[in-house]
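Encoded as structure tokens, the structure appears first; notes follow it.
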Amino acid sequence: AQKITQTQPGMFVQEKEAVTLDCTYDTSDPSYGLFWYKQPSSGEMIFLIYQGSYDQQNATEGRYSLNFQKARKSANLVISASQLGDSAMYFCAMRDRNDYKLSFGAGTTVTVRA
Amino acid sequence: DVKVTQSSRYLVKRTGEKVFLECVQDMDHENMFWYRQDPGLGLRLIYFSYDVKMKEKGDIPEGYSVSREKKERFSLILESASTNQTSMYLCASSFQGGLNTEAFFGQGTRLTVV
């Protein structure tokens with residue numbers, strides 16, 4: 001069974017600074033994909049970034065990057081140059097090759113301070 | 001743009017009522033999902049469907065049923081609503097692709113059972 005752990009319920013970050021959101025996962029399948037989603041207060045889930053288990057490089061998408069440490073089973077999201085609009089809940093999720101579904105962590109609420 | 005539309009943003013129902021939550025997607029996705037979101041628990045999968053009339057139980061199916069009569073529509077049914085089903089419900093859809101296949105979400109339905 002898959003398990004996603006996000007240990008930080010909430011974080012504060014100063015505008016223009018970087019913030020790292022932790023995510024660890026557990027799976028016995030060597031082939032899997034890791035996702036990060038953003039959920040603003042309006043409720044919709046916005047896809048941010050994807051990392052495959054066999055990808056050689058860490059994924060990056062604009063100000064988002066993924067610090068993927070396969071041996072440690074961690075996939076931390078780094079948001080650089082935080083903006084007020086980054087205030088939201090962030091979810092880490094995983095899918096393995098035998099599954100259609102995404103399994104989610106509990107989420108981390110990020111509050112960006114001016 | 002992919003659109004996943006949930007019929008209601010907010011819903012208030014009485015204990016014992018039969019409740020229907022409707023979800024429609026416009027991208028011809030094979031897979032559709034119903035998740036429940038609760039604070040501290042993240043998103044938990046209730047049911048998913050990989051084809052018309054096909055369904056599989058997720059992690060927390062008790063007290064729920066689903067219906068998928070048409071490819072674009074996936075309904076979640078609470079046969080007899082109870083107060084512990086007060087929650088945010090999120091519908092999602094995706095193609096049956098590889099590991100990196102993104103799931104697209106609706107805006108969520110916040111259900112209160114009184």
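So you can find residues: chains in the structure tokens are A, B, ... in the order shown, residues in each start at 1, and ligands are numbered from 1 in order.
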
Review point. Can you list, as a ChimeraX atom specification, every protein, DNA or RNA residue that comes within 8 Å of A:Gly52 when you count only C-alpha atoms, leaving out same-chain residues fewer than 6 positions away?
Key: /A:31-34 /B:99-100

Determine, using only C-alpha atoms, which residues of chain B have any atom at most 9 Å from an atom of chain A, and tabulate each with its shortest atom pair and distance in Å to one decimal place, rows ordered by chain and then rising number, as a tab-separated table.
residue	atom	partner	partner_atom	distance
B:Asn31	CA	A:Tyr100	CA	7.6
B:Phe33	CA	A:Lys101	CA	7.7
B:Asp38	CA	A:Ala106	CA	8.7
B:Pro39	CA	A:Ala106	CA	7.6
B:Gly40	CA	A:Ala106	CA	5.3
B:Leu41	CA	A:Ala106	CA	4.7
B:Gly42	CA	A:Ala106	CA	3.7
B:Leu43	CA	A:Phe104	CA	5.7
B:Arg44	CA	A:Phe104	CA	7.1
B:Leu45	CA	A:Ser103	CA	7.7
B:Phe48	CA	A:Lys101	CA	7.7
B:Tyr50	CA	A:Tyr100	CA	8.0
B:Gly58	CA	A:Lys101	CA	8.7
B:Leu90	CA	A:Glu44	CA	8.6
B:Ser94	CA	A:Tyr100	CA	8.8
B:Gln96	CA	A:Tyr100	CA	7.4
B:Gly97	CA	A:Tyr100	CA	8.9
B:Gly98	CA	A:Arg97	CA	7.8
B:Leu99	CA	A:Gly33	CA	5.4
B:Asn100	CA	A:Gly33	CA	6.1
B:Thr101	CA	A:Gly33	CA	8.9
B:Glu102	CA	A:Phe47	CA	7.4
B:Ala103	CA	A:Phe47	CA	8.0
B:Phe104	CA	A:Met45	CA	7.6
B:Phe105	CA	A:Met45	CA	5.8
B:Gly106	CA	A:Glu44	CA	6.2
B:Gln107	CA	A:Glu44	CA	4.4
B:Gly108	CA	A:Gly43	CA	6.2
B:Thr109	CA	A:Gly43	CA	8.9

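Atom CA of B:Val12 to atom CA of A:Pro40 spans 22.6 Å [interatomic distance, one decimal].
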
Exercise for review: Excluding A:Arg63 and any residue of its chain fewer than 6 positions from it, enumerate the residues within 9 Å of it, using only C-alpha atoms, and give them as a PyMOL selection string.
Suggested key: chain A and resi 78-82

**Study point:** Distance query A:Asp86 at most 8 Å, only C-alpha atoms, self and fewer than 2 positions along chain excluded, as a list in words
**Key:** Ser82, Gln83, Leu84, Ala88, Val110, Thr111 and Val112 of chain A

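Remark: for B:Arg73, the closest of the candidate residues B:Val4, B:Ile60, B:Leu11, B:Cys23 is B:Cys23 (distances computed over only C-alpha atoms).
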
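What separates atom CA of A:Val13 from atom CA of A:Ser87 is a distance of 9.2 Å.
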
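Atom pair atom CA of B:Thr15 / atom CA of B:Lys53: separated by 28.4 Å.
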
Exercise for review: Pick out the residues sitting within 6 Å of B:Trp34, and hand them over as a count of residues only; count only C-alpha atoms, and ignore anything fewer than 4 positions along from it in its own chain.
Suggested key: 4

Practice item. Output as a count of residues only all residues of stretch 8-111 of chain B that backbone DSSP marks as strand (DSSP E or B). Key: 59

Review point. Skipping near chain neighbours, those fewer than 5 positions away, what residues fall within 7 Å of stretch 74-82 of chain B using only C-alpha atoms, listed as a list of chain:residue names?
Key: B:Thr15, B:Gly16, B:Glu17, B:Lys18, B:Val19, B:Phe20, B:Leu21, B:Glu22, B:Cys23, B:Val24, B:Met32, B:Gly63, B:Tyr64, B:Ser65, B:Val66, B:Ser67, B:Arg68, B:Val113
